[in-house]
$ cat work-v9.txt   # compact mmCIF, C-alpha atoms and all ligand atoms
# COMPACT_ATOMS: atom_id res chain seq x y z
CA MET A 1 0.00 0.00 0.00
CA PRO A 2 1.19 3.54 -0.58
CA ALA A 3 3.23 5.04 2.25
CA GLY A 4 1.71 7.91 4.17
CA TRP A 5 -1.82 6.59 4.49
CA PRO A 6 -4.29 8.60 6.56
CA ALA A 7 -2.83 10.00 9.72
CA ALA A 8 -6.22 11.38 10.67
CA CYS A 9 -9.20 9.19 11.40
CA CYS A 10 -12.38 9.96 9.51
CA ALA A 11 -15.69 8.09 9.66
CA GLY A 12 -15.93 7.75 5.89
CA ASN A 13 -12.35 6.60 5.37
CA PRO A 14 -11.87 2.84 4.98
CA PRO A 15 -8.04 2.83 5.37
CA ALA A 16 -8.49 4.66 8.70
CA ARG A 17 -11.02 2.03 9.75
CA ALA A 18 -8.51 -0.70 8.91
CA ARG A 19 -5.87 1.06 10.99
CA GLY A 20 -8.32 1.40 13.90
CA LEU A 21 -8.89 -2.37 13.81
CA LEU A 22 -5.16 -3.11 13.82
CA CYS A 23 -4.21 -0.56 16.52
CA GLY A 24 -2.81 -2.10 19.72
CA LYS A 25 -4.72 0.31 21.98
CA PRO A 26 -8.23 -0.76 23.00
CA ALA A 27 -10.04 2.53 22.20
CA GLY A 28 -11.31 1.27 18.78
CA LYS A 29 -9.84 4.34 17.08
CA ALA A 30 -6.22 4.34 15.89
CA CYS A 31 -3.91 5.93 18.51
CA GLY A 32 -1.36 6.91 15.86
CA THR A 33 1.67 6.05 17.99
CA CYS A 34 1.75 2.30 18.74
CA ALA A 35 3.78 -0.23 16.71
CA ASP A 36 0.66 -1.24 14.74
CA CYS A 37 -0.26 2.32 13.79
CA THR A 38 3.33 3.13 12.85
CA SER A 39 3.79 0.10 10.60
CA PHE A 40 0.35 0.64 9.04
CA THR A 41 1.17 4.26 8.19
CA GLY A 42 4.55 3.13 6.86
CA GLY A 43 2.78 0.70 4.53
CA ASN A 44 4.33 -2.48 6.00
CA HIS A 45 1.93 -3.89 8.59
CA PRO A 46 2.27 -7.69 8.36
CA ASP A 47 -1.42 -8.26 9.19
CA PHE A 48 -2.85 -5.91 6.57
CA LEU A 49 -3.54 -6.73 2.93
CA LEU A 50 -4.75 -4.13 0.44
CA VAL A 51 -6.41 -5.45 -2.71
CA ASP A 52 -6.81 -3.01 -5.60
CA PRO A 53 -8.17 -3.62 -9.12
CA THR A 54 -5.41 -4.50 -11.59
CA THR A 55 -4.67 -4.89 -15.30
CA PRO A 56 -4.38 -8.47 -16.67
CA ASP A 57 -0.59 -8.16 -16.03
CA GLY A 58 -1.24 -7.58 -12.34
CA GLU A 59 -0.40 -3.86 -12.39
CA PRO A 60 -2.59 -1.75 -10.06
CA ASP A 61 -5.16 0.05 -12.18
CA ARG A 62 -7.96 1.95 -10.49
CA ASP A 63 -9.21 3.52 -13.72
CA GLY A 64 -10.44 0.47 -15.60
CA GLY A 65 -8.86 -2.54 -13.89
CA ARG A 66 -10.65 -5.56 -12.42
CA LEU A 67 -10.28 -7.64 -9.27
CA ARG A 68 -8.97 -10.97 -10.54
CA VAL A 69 -9.03 -14.58 -9.40
CA GLU A 70 -5.26 -14.55 -8.57
CA GLN A 71 -5.99 -11.78 -6.08
CA ALA A 72 -8.77 -13.85 -4.50
CA ASP A 73 -6.16 -16.60 -4.02
CA ALA A 74 -3.89 -14.11 -2.26
CA VAL A 75 -6.77 -13.18 0.08
CA LEU A 76 -7.39 -16.86 0.89
CA HIS A 77 -3.71 -17.46 1.72
CA PHE A 78 -3.50 -14.28 3.77
CA THR A 79 -6.58 -14.97 5.89
CA VAL A 80 -5.79 -18.58 6.81
CA MET A 81 -2.62 -17.48 8.62
CA LYS A 82 -2.72 -16.36 12.25
CA PRO A 83 -1.97 -12.69 12.99
CA PHE A 84 1.76 -11.92 13.45
CA GLN A 85 1.53 -8.66 15.32
CA SER A 86 -2.06 -7.53 15.77
CA ARG A 87 -5.27 -9.15 17.04
CA PHE A 88 -6.62 -9.50 13.50
CA ARG A 89 -5.63 -10.16 9.90
CA VAL A 90 -7.35 -7.31 8.04
CA VAL A 91 -8.03 -7.29 4.29
CA LEU A 92 -9.27 -4.17 2.51
CA ILE A 93 -10.67 -4.85 -0.97
CA ARG A 94 -11.21 -1.64 -2.88
CA GLU A 95 -13.87 -1.17 -5.57
CA LEU A 96 -15.60 -4.51 -5.13
CA GLN A 97 -17.91 -3.52 -7.99
CA ARG A 98 -14.92 -4.25 -10.27
CA ALA A 99 -14.69 -7.90 -9.20
CA THR A 100 -14.64 -10.49 -11.98
CA PRO A 101 -17.24 -13.26 -11.40
CA GLN A 102 -14.30 -15.62 -10.69
CA PHE A 103 -12.95 -13.32 -7.96
CA ALA A 104 -16.37 -13.06 -6.32
CA ASN A 105 -17.11 -16.80 -6.53
CA HIS A 106 -13.70 -17.69 -5.17
CA LEU A 107 -14.29 -15.63 -2.04
CA LEU A 108 -17.95 -16.50 -1.35
CA LYS A 109 -17.09 -19.03 1.33
CA THR A 110 -14.53 -16.75 3.01
CA PHE A 111 -17.06 -13.91 3.11
CA GLU A 112 -19.61 -16.25 4.65
CA GLU A 113 -17.35 -17.83 7.25
CA PRO A 114 -14.06 -15.94 7.55
CA PRO A 115 -11.32 -17.59 9.63
CA ALA A 116 -11.55 -16.58 13.33
CA ALA A 117 -9.03 -13.71 13.30
CA ALA A 118 -9.75 -12.46 9.77
CA LEU A 119 -11.69 -9.28 9.01
CA LEU A 120 -12.63 -8.46 5.45
CA LEU A 121 -13.50 -4.88 4.50
CA ALA A 122 -14.61 -3.98 1.00
CA THR A 123 -15.52 -0.66 -0.56
CA ALA A 124 -17.82 -0.17 -3.54
CA THR A 125 -19.39 2.80 -5.26
CA ASP A 126 -22.35 0.76 -6.49
CA THR A 127 -23.56 -2.51 -4.96
CA SER A 128 -25.88 -3.25 -7.90
CA ALA A 129 -22.82 -4.27 -9.94
CA ILE A 130 -21.70 -6.88 -7.35
CA LEU A 131 -22.75 -10.54 -7.28
CA PRO A 132 -25.87 -10.44 -5.04
CA THR A 133 -24.78 -13.59 -3.16
CA LEU A 134 -21.60 -11.73 -2.16
CA VAL A 135 -23.47 -8.58 -1.07
CA SER A 136 -25.85 -10.67 1.05
CA ARG A 137 -22.86 -12.04 2.98
CA CYS A 138 -21.64 -8.54 3.90
CA GLN A 139 -22.78 -6.10 6.51
CA THR A 140 -23.40 -2.95 4.46
CA LEU A 141 -22.41 0.42 5.80
CA LYS A 142 -23.37 3.53 3.83
CA LEU A 143 -20.54 6.06 4.16
CA LYS A 144 -21.63 9.67 4.20
CA PRO A 145 -19.57 12.10 2.16
CA ALA A 146 -17.41 14.48 4.20
CA SER A 147 -18.30 18.18 4.03
CA ARG A 148 -16.13 20.36 1.78
CA GLU A 149 -14.93 22.37 4.77
CA ALA A 150 -13.95 19.26 6.79
CA LEU A 151 -12.12 17.83 3.80
CA CYS A 152 -10.27 21.06 3.09
CA THR A 153 -9.12 21.34 6.73
CA ALA A 154 -8.08 17.66 6.93
CA LEU A 155 -5.99 17.96 3.74
CA GLN A 156 -4.13 20.93 5.19
CA THR A 157 -3.62 19.67 8.74
CA GLY A 158 -3.19 15.95 8.04
CA TRP A 159 -1.26 16.05 4.77
CA GLY A 160 0.28 19.53 4.71
CA THR A 161 -1.51 20.46 1.46
CA GLU A 162 -1.29 24.14 0.46
CA PRO A 163 -4.59 26.00 1.14
CA GLU A 164 -5.31 26.76 -2.54
CA ARG A 165 -4.77 23.15 -3.64
CA ALA A 166 -6.70 21.83 -0.62
CA ASP A 167 -9.63 24.07 -1.59
CA LEU A 168 -9.63 22.84 -5.20
CA LEU A 169 -9.23 19.19 -4.20
CA SER A 170 -11.97 19.37 -1.59
CA ARG A 171 -14.36 20.72 -4.25
CA LEU A 172 -13.37 18.10 -6.85
CA ALA A 173 -13.59 15.26 -4.31
CA GLN A 174 -17.33 15.69 -3.68
CA GLY A 175 -16.97 14.40 -0.13
CA ARG A 176 -14.64 11.47 -0.92
CA MET A 177 -11.78 11.76 1.56
CA GLY A 178 -9.94 8.66 0.30
CA TRP A 179 -10.16 9.90 -3.31
CA ALA A 180 -8.76 13.30 -2.35
CA VAL A 181 -5.78 11.72 -0.57
CA LEU A 182 -5.03 9.46 -3.54
CA GLN A 183 -4.94 12.45 -5.92
CA LEU A 184 -2.22 14.12 -3.89
CA GLU A 185 0.27 11.66 -5.33
CA ASP A 186 -1.44 10.80 -8.62
CA ALA A 187 0.00 13.02 -11.35
CA ARG A 188 -2.04 11.11 -13.97
CA MET A 189 -5.32 12.43 -12.58
CA TRP A 190 -4.13 16.03 -13.00
CA GLN A 191 -2.90 15.33 -16.54
CA ARG A 192 -6.25 13.79 -17.49
CA ARG A 193 -8.04 16.76 -15.99
CA ASP A 194 -5.89 19.18 -18.04
CA ARG A 195 -6.76 17.23 -21.20
CA ASN A 196 -10.47 17.23 -20.29
CA ARG A 197 -10.37 20.97 -19.70
CA ALA A 198 -8.76 21.68 -23.06
CA LEU A 199 -11.21 19.35 -24.81
CA ALA A 200 -14.25 20.94 -23.14
CA THR A 201 -13.17 24.40 -24.31
CA ASP A 202 -12.41 23.15 -27.84
CA LEU A 203 -15.68 21.29 -28.22
CA ALA A 204 -17.80 24.28 -27.24
CA ALA A 205 -16.37 26.12 -30.26
CA SER A 206 -16.45 23.14 -32.67
CA SER A 207 -18.95 22.37 -35.44
CA ILE A 208 -21.19 19.30 -35.22
CA PRO A 209 -19.13 17.30 -37.79
CA GLU A 210 -15.93 18.10 -35.83
CA ARG A 211 -17.60 17.00 -32.61
CA LEU A 212 -18.80 13.73 -34.13
CA ALA A 213 -15.27 12.94 -35.29
CA ARG A 214 -14.09 13.59 -31.72
CA ALA A 215 -16.82 11.32 -30.33
CA ASP A 216 -15.60 8.47 -32.56
CA ALA A 217 -11.97 9.02 -31.58
CA LEU A 218 -12.85 9.12 -27.87
CA ALA A 219 -14.90 5.92 -28.09
CA VAL A 220 -12.02 4.09 -29.84
CA ARG A 221 -9.23 5.30 -27.57
CA ASN A 222 -10.89 5.06 -24.15
CA SER A 223 -12.13 2.28 -21.90
CA PRO A 224 -15.74 2.49 -20.59
CA ALA A 225 -14.36 3.69 -17.23
CA GLN A 226 -12.39 6.48 -18.95
CA LEU A 227 -15.45 7.53 -20.96
CA GLN A 228 -17.40 7.65 -17.75
CA GLU A 229 -14.74 9.87 -16.18
CA GLN A 230 -14.98 12.15 -19.22
CA VAL A 231 -18.75 12.47 -18.87
CA ASP A 232 -18.41 13.06 -15.11
CA PHE A 233 -15.96 15.85 -15.85
CA TRP A 234 -18.41 17.48 -18.30
CA LEU A 235 -21.16 17.29 -15.71
CA TRP A 236 -19.13 19.31 -13.18
CA TRP A 237 -17.74 21.61 -15.88
CA TRP A 238 -21.13 22.52 -17.31
CA ARG A 239 -22.63 22.74 -13.83
CA ASP A 240 -20.00 25.41 -13.09
CA VAL A 241 -20.98 27.27 -16.27
CA TRP A 242 -24.62 27.15 -15.13
CA LEU A 243 -23.67 28.42 -11.64
CA ILE A 244 -21.77 31.38 -13.12
CA GLN A 245 -24.73 32.21 -15.37
CA HIS A 246 -26.93 32.29 -12.25
CA ASP A 247 -24.53 34.39 -10.11
CA LEU A 248 -23.55 31.42 -7.92
CA ALA A 249 -19.85 31.27 -8.81
CA ASN A 250 -18.91 30.62 -5.15
CA SER A 251 -20.27 27.10 -5.45
CA CYS A 252 -18.15 26.21 -8.50
CA VAL A 253 -15.99 23.08 -8.36
CA ASN A 254 -13.30 23.99 -10.93
CA VAL A 255 -12.20 27.12 -9.12
CA ASP A 256 -8.83 27.18 -10.90
CA CYS A 257 -10.54 27.57 -14.30
CA GLY A 258 -12.50 30.75 -13.52
CA ASP A 259 -11.50 32.65 -16.69
CA GLU A 260 -12.32 29.80 -19.08
CA LEU A 261 -15.64 29.12 -17.37
CA GLU A 262 -16.67 32.77 -17.30
CA SER A 263 -15.84 33.23 -20.96
CA LEU A 264 -17.88 30.14 -21.80
CA ALA A 265 -20.78 31.24 -19.58
CA ALA A 266 -20.97 34.50 -21.52
CA ARG A 267 -21.04 32.75 -24.92
CA VAL A 268 -23.59 29.95 -24.45
CA ARG A 269 -27.35 30.16 -23.88
CA ALA A 270 -28.43 29.39 -20.30
CA ALA A 271 -31.39 27.30 -21.53
CA ASP A 272 -29.00 25.10 -23.57
CA VAL A 273 -26.80 24.56 -20.52
CA THR A 274 -29.77 23.51 -18.36
CA ALA A 275 -30.97 21.05 -21.00
CA PHE A 276 -27.45 19.67 -21.47
CA LEU A 277 -27.01 19.10 -17.73
CA GLN A 278 -30.15 16.95 -17.73
CA ARG A 279 -28.78 15.04 -20.70
CA LEU A 280 -25.46 14.47 -18.90
CA GLU A 281 -27.27 13.04 -15.85
CA ARG A 282 -29.08 10.62 -18.15
CA ALA A 283 -25.83 9.73 -19.94
CA ILE A 284 -24.21 8.79 -16.61
CA GLN A 285 -27.12 6.46 -15.81
CA GLN A 286 -26.88 4.93 -19.30
CA MET A 287 -23.14 4.30 -18.99
CA ARG A 288 -23.64 2.63 -15.62
CA ALA A 289 -26.19 0.40 -17.37
CA ASN A 290 -23.53 -0.46 -20.02
CA VAL A 291 -25.20 1.38 -22.92
CA ASN A 292 -22.75 1.60 -25.87
CA GLY A 293 -20.22 4.38 -25.12
CA ARG A 294 -20.04 5.61 -28.71
CA LEU A 295 -23.83 6.11 -28.86
CA VAL A 296 -23.82 8.07 -25.60
CA MET A 297 -20.88 10.24 -26.70
CA THR A 298 -22.46 10.96 -30.11
CA SER A 299 -25.69 12.11 -28.54
CA LEU A 300 -23.83 14.33 -26.05
CA MET A 301 -21.72 15.91 -28.79
CA ILE A 302 -24.84 16.85 -30.78
CA HIS A 303 -26.50 18.50 -27.78
CA MET A 304 -23.50 20.17 -26.15
CA PRO A 305 -24.11 23.96 -26.01
CA MET A 306 -22.51 25.84 -28.89
CA ALA A 307 -20.42 28.92 -28.03
CA ALA A 308 -21.33 32.04 -30.04
ZN ZN B 1 -2.27 2.53 17.60

$ encode --input "work-v9.txt" --output "C-alpha cells"
Amino acid sequence: MPAGWPAACCAGNPPARARGLLCGKPAGKACGTCADCTSFTGGNHPDFLLVDPTTPDGEPDRDGGRLRVEQADAVLHFTVMKPFQSRFRVVLIRELQRATPQFANHLLKTFEEPPAAALLLATATDTSAILPTLVSRCQTLKLKPASREALCTALQTGWGTEPERADLLSRLAQGRMGWAVLQLEDARMWQRRDRNRALATDLAASSIPERLARADALAVRNSPAQLQEQVDFWLWWWRDVWLIQHDLANSCVNVDCGDELESLAARVRAADVTAFLQRLERAIQQMRANVNGRLVMTSLMIHMPMAA
C-alpha cells in the first residue's frame, strides 16, 4: 500500500477504519503512535492486505482494472494465517464492484465464514454491480460524504496540502476523503483533468461534424471507465458554467478555471446549458447500465451547447 496513508481518522475513510482495527490500543480508534499504527502508516503492517483492481498483467489500475481470481487466491492465503503482530488479519478490498465473477465466486465461502481472526473490509461505489450472493454475505455500511470544509481542513492539517490546492481538491472530491488523498500523489489524474479541460473548451467552439469525429476518436481510444470519467468531468464543468450564469460562482468546483468558465458562460445560452445538464445526468445512468459508449458520446456531442 502507498506510504503515508491517513494520519487522521475519519468516519468515511476505509483505510483509517482498517488502521483502527489493527491498533494495539483498545479505544477502537487508531492511537497513531503504537507499533501497529506506525507500521500501518509506513505501509508495511504484516497483518494488513490491500487489494486493488489491476490490469491483466497484475499492475494496479484503479481507472479500468478488475479484481482478478489470482488476487482472491492471495486473500485466501493471507486470511488462513494467524496474525503476526495484531489481534486481526485485516483485508481491505477496494472497488468490489470491479470484481470479476471468478474473484467473487472464489471468495464467497470466506465472506460467509471468515477464519476466526480475519476481518474483510470492502468498498464499492455501487452494490448493484456486485454478485448479489456476495453482497448478502456482507454487513453494508453507507458512508456519508465528508463536508467540503472538513475535507479542506483535513488535507491541510493531516497532509500539509497548500490552502489553494486543498480548496480545489476538496471541491473536486465531492466528499470522498480517500479519493482526495489518492490524488495528492497521482500526477495522472491532473494530466487527465488538463486534457479534459482543453477538450471541453475546444468542443464548445467546434462544429457538429468536428464534434462527431471527436466522439468516434474518444470511443475508440478510451475504456468504458475512462469515458465515464470524461462524462463526469463534463457534468461538473457545465454545472460550473450554469452556476456562473446564475450568479452562484462561489459554489463552482473547478475554481482554478475561472477565466475559461466565465468566458464560456458569456457565450452559451443558459437554456441550452440547463438542457445539457439533464442530458449528462441521463448519460451517466446509461453508462452505468452499459449502454454503448459511442452512442452516448455521439448524442452528447450533438446536444453540447454551442459557443457564439
Ligand atoms: Zn495505535

$ atom_distance --input "work-v9.txt" --atom1 "CA of Asp202 (chain A)" --atom2 "CA of Gly64 (chain A)"
25.8 Å

$ closest_atom_pairs --input "work-v9.txt" --of "chain A" --to "ligand ZN 1 (chain B)" --cutoff "12 Å" --atoms "all atoms listed in the file" --output "Markdown table"
| residue | atom | partner | partner_atom | distance |
| --- | --- | --- | --- | --- |
| A:Ala7 | CA | B:ZN1 | ZN | 10.9 |
| A:Ala8 | CA | B:ZN1 | ZN | 11.9 |
| A:Cys9 | CA | B:ZN1 | ZN | 11.4 |
| A:Ala16 | CA | B:ZN1 | ZN | 11.1 |
| A:Arg17 | CA | B:ZN1 | ZN | 11.8 |
| A:Ala18 | CA | B:ZN1 | ZN | 11.2 |
| A:Arg19 | CA | B:ZN1 | ZN | 7.7 |
| A:Gly20 | CA | B:ZN1 | ZN | 7.2 |
| A:Leu21 | CA | B:ZN1 | ZN | 9.1 |
| A:Leu22 | CA | B:ZN1 | ZN | 7.4 |
| A:Cys23 | CA | B:ZN1 | ZN | 3.8 |
| A:Gly24 | CA | B:ZN1 | ZN | 5.1 |
| A:Lys25 | CA | B:ZN1 | ZN | 5.5 |
| A:Pro26 | CA | B:ZN1 | ZN | 8.7 |
| A:Ala27 | CA | B:ZN1 | ZN | 9.0 |
| A:Gly28 | CA | B:ZN1 | ZN | 9.2 |
| A:Lys29 | CA | B:ZN1 | ZN | 7.8 |
| A:Ala30 | CA | B:ZN1 | ZN | 4.7 |
| A:Cys31 | CA | B:ZN1 | ZN | 3.9 |
| A:Gly32 | CA | B:ZN1 | ZN | 4.8 |
| A:Thr33 | CA | B:ZN1 | ZN | 5.3 |
| A:Cys34 | CA | B:ZN1 | ZN | 4.2 |
| A:Ala35 | CA | B:ZN1 | ZN | 6.7 |
| A:Asp36 | CA | B:ZN1 | ZN | 5.6 |
| A:Cys37 | CA | B:ZN1 | ZN | 4.3 |
| A:Thr38 | CA | B:ZN1 | ZN | 7.4 |
| A:Ser39 | CA | B:ZN1 | ZN | 9.6 |
| A:Phe40 | CA | B:ZN1 | ZN | 9.1 |
| A:Thr41 | CA | B:ZN1 | ZN | 10.2 |
| A:His45 | CA | B:ZN1 | ZN | 11.8 |
| A:Ser86 | CA | B:ZN1 | ZN | 10.2 |

$ residues_near_point --input "work-v9.txt" --point "(-30.4, 22.9, -14.6)" --cutoff "12 Å" --atoms "all atoms listed in the file" --output "PDB file with C-alpha atoms, in the coordinates of the input"
ATOM      1  CA  LEU A 235     -21.160  17.290 -15.710  1.00  0.00           C
ATOM      2  CA  TRP A 236     -19.130  19.310 -13.180  1.00  0.00           C
ATOM      3  CA  TRP A 238     -21.130  22.520 -17.310  1.00  0.00           C
ATOM      4  CA  ARG A 239     -22.630  22.740 -13.830  1.00  0.00           C
ATOM      5  CA  ASP A 240     -20.000  25.410 -13.090  1.00  0.00           C
ATOM      6  CA  VAL A 241     -20.980  27.270 -16.270  1.00  0.00           C
ATOM      7  CA  TRP A 242     -24.620  27.150 -15.130  1.00  0.00           C
ATOM      8  CA  LEU A 243     -23.670  28.420 -11.640  1.00  0.00           C
ATOM      9  CA  GLN A 245     -24.730  32.210 -15.370  1.00  0.00           C
ATOM     10  CA  HIS A 246     -26.930  32.290 -12.250  1.00  0.00           C
ATOM     11  CA  ALA A 270     -28.430  29.390 -20.300  1.00  0.00           C
ATOM     12  CA  ALA A 271     -31.390  27.300 -21.530  1.00  0.00           C
ATOM     13  CA  ASP A 272     -29.000  25.100 -23.570  1.00  0.00           C
ATOM     14  CA  VAL A 273     -26.800  24.560 -20.520  1.00  0.00           C
ATOM     15  CA  THR A 274     -29.770  23.510 -18.360  1.00  0.00           C
ATOM     16  CA  ALA A 275     -30.970  21.050 -21.000  1.00  0.00           C
ATOM     17  CA  PHE A 276     -27.450  19.670 -21.470  1.00  0.00           C
ATOM     18  CA  LEU A 277     -27.010  19.100 -17.730  1.00  0.00           C
ATOM     19  CA  GLN A 278     -30.150  16.950 -17.730  1.00  0.00           C
ATOM     20  CA  ARG A 279     -28.780  15.040 -20.700  1.00  0.00           C
ATOM     21  CA  LEU A 280     -25.460  14.470 -18.900  1.00  0.00           C
ATOM     22  CA  GLU A 281     -27.270  13.040 -15.850  1.00  0.00           C
TER      23      GLU A 281
END

$ residues_around --input "work-v9.txt" --residues "Ser223 (chain A)" --least-positions-apart "5" --cutoff "10 Å" --atoms "all atoms listed in the file" --output "CSV table (one decimal) with C-alpha atoms, in the frame of the given file"
chain,number,residue,atom,x,y,z
A,63,ASP,CA,-9.2,3.5,-13.7
A,64,GLY,CA,-10.4,0.5,-15.6
A,65,GLY,CA,-8.9,-2.5,-13.9
A,218,LEU,CA,-12.8,9.1,-27.9
A,228,GLN,CA,-17.4,7.6,-17.8
A,229,GLU,CA,-14.7,9.9,-16.2
A,293,GLY,CA,-20.2,4.4,-25.1

$ atom_distance --input "work-v9.txt" --atom1 "CA of Ser128 (chain A)" --atom2 "CA of Arg68 (chain A)"
18.8 Å

$ atom_distance --input "work-v9.txt" --atom1 "CA of Leu182 (chain A)" --atom2 "CA of Thr153 (chain A)"
16.2 Å
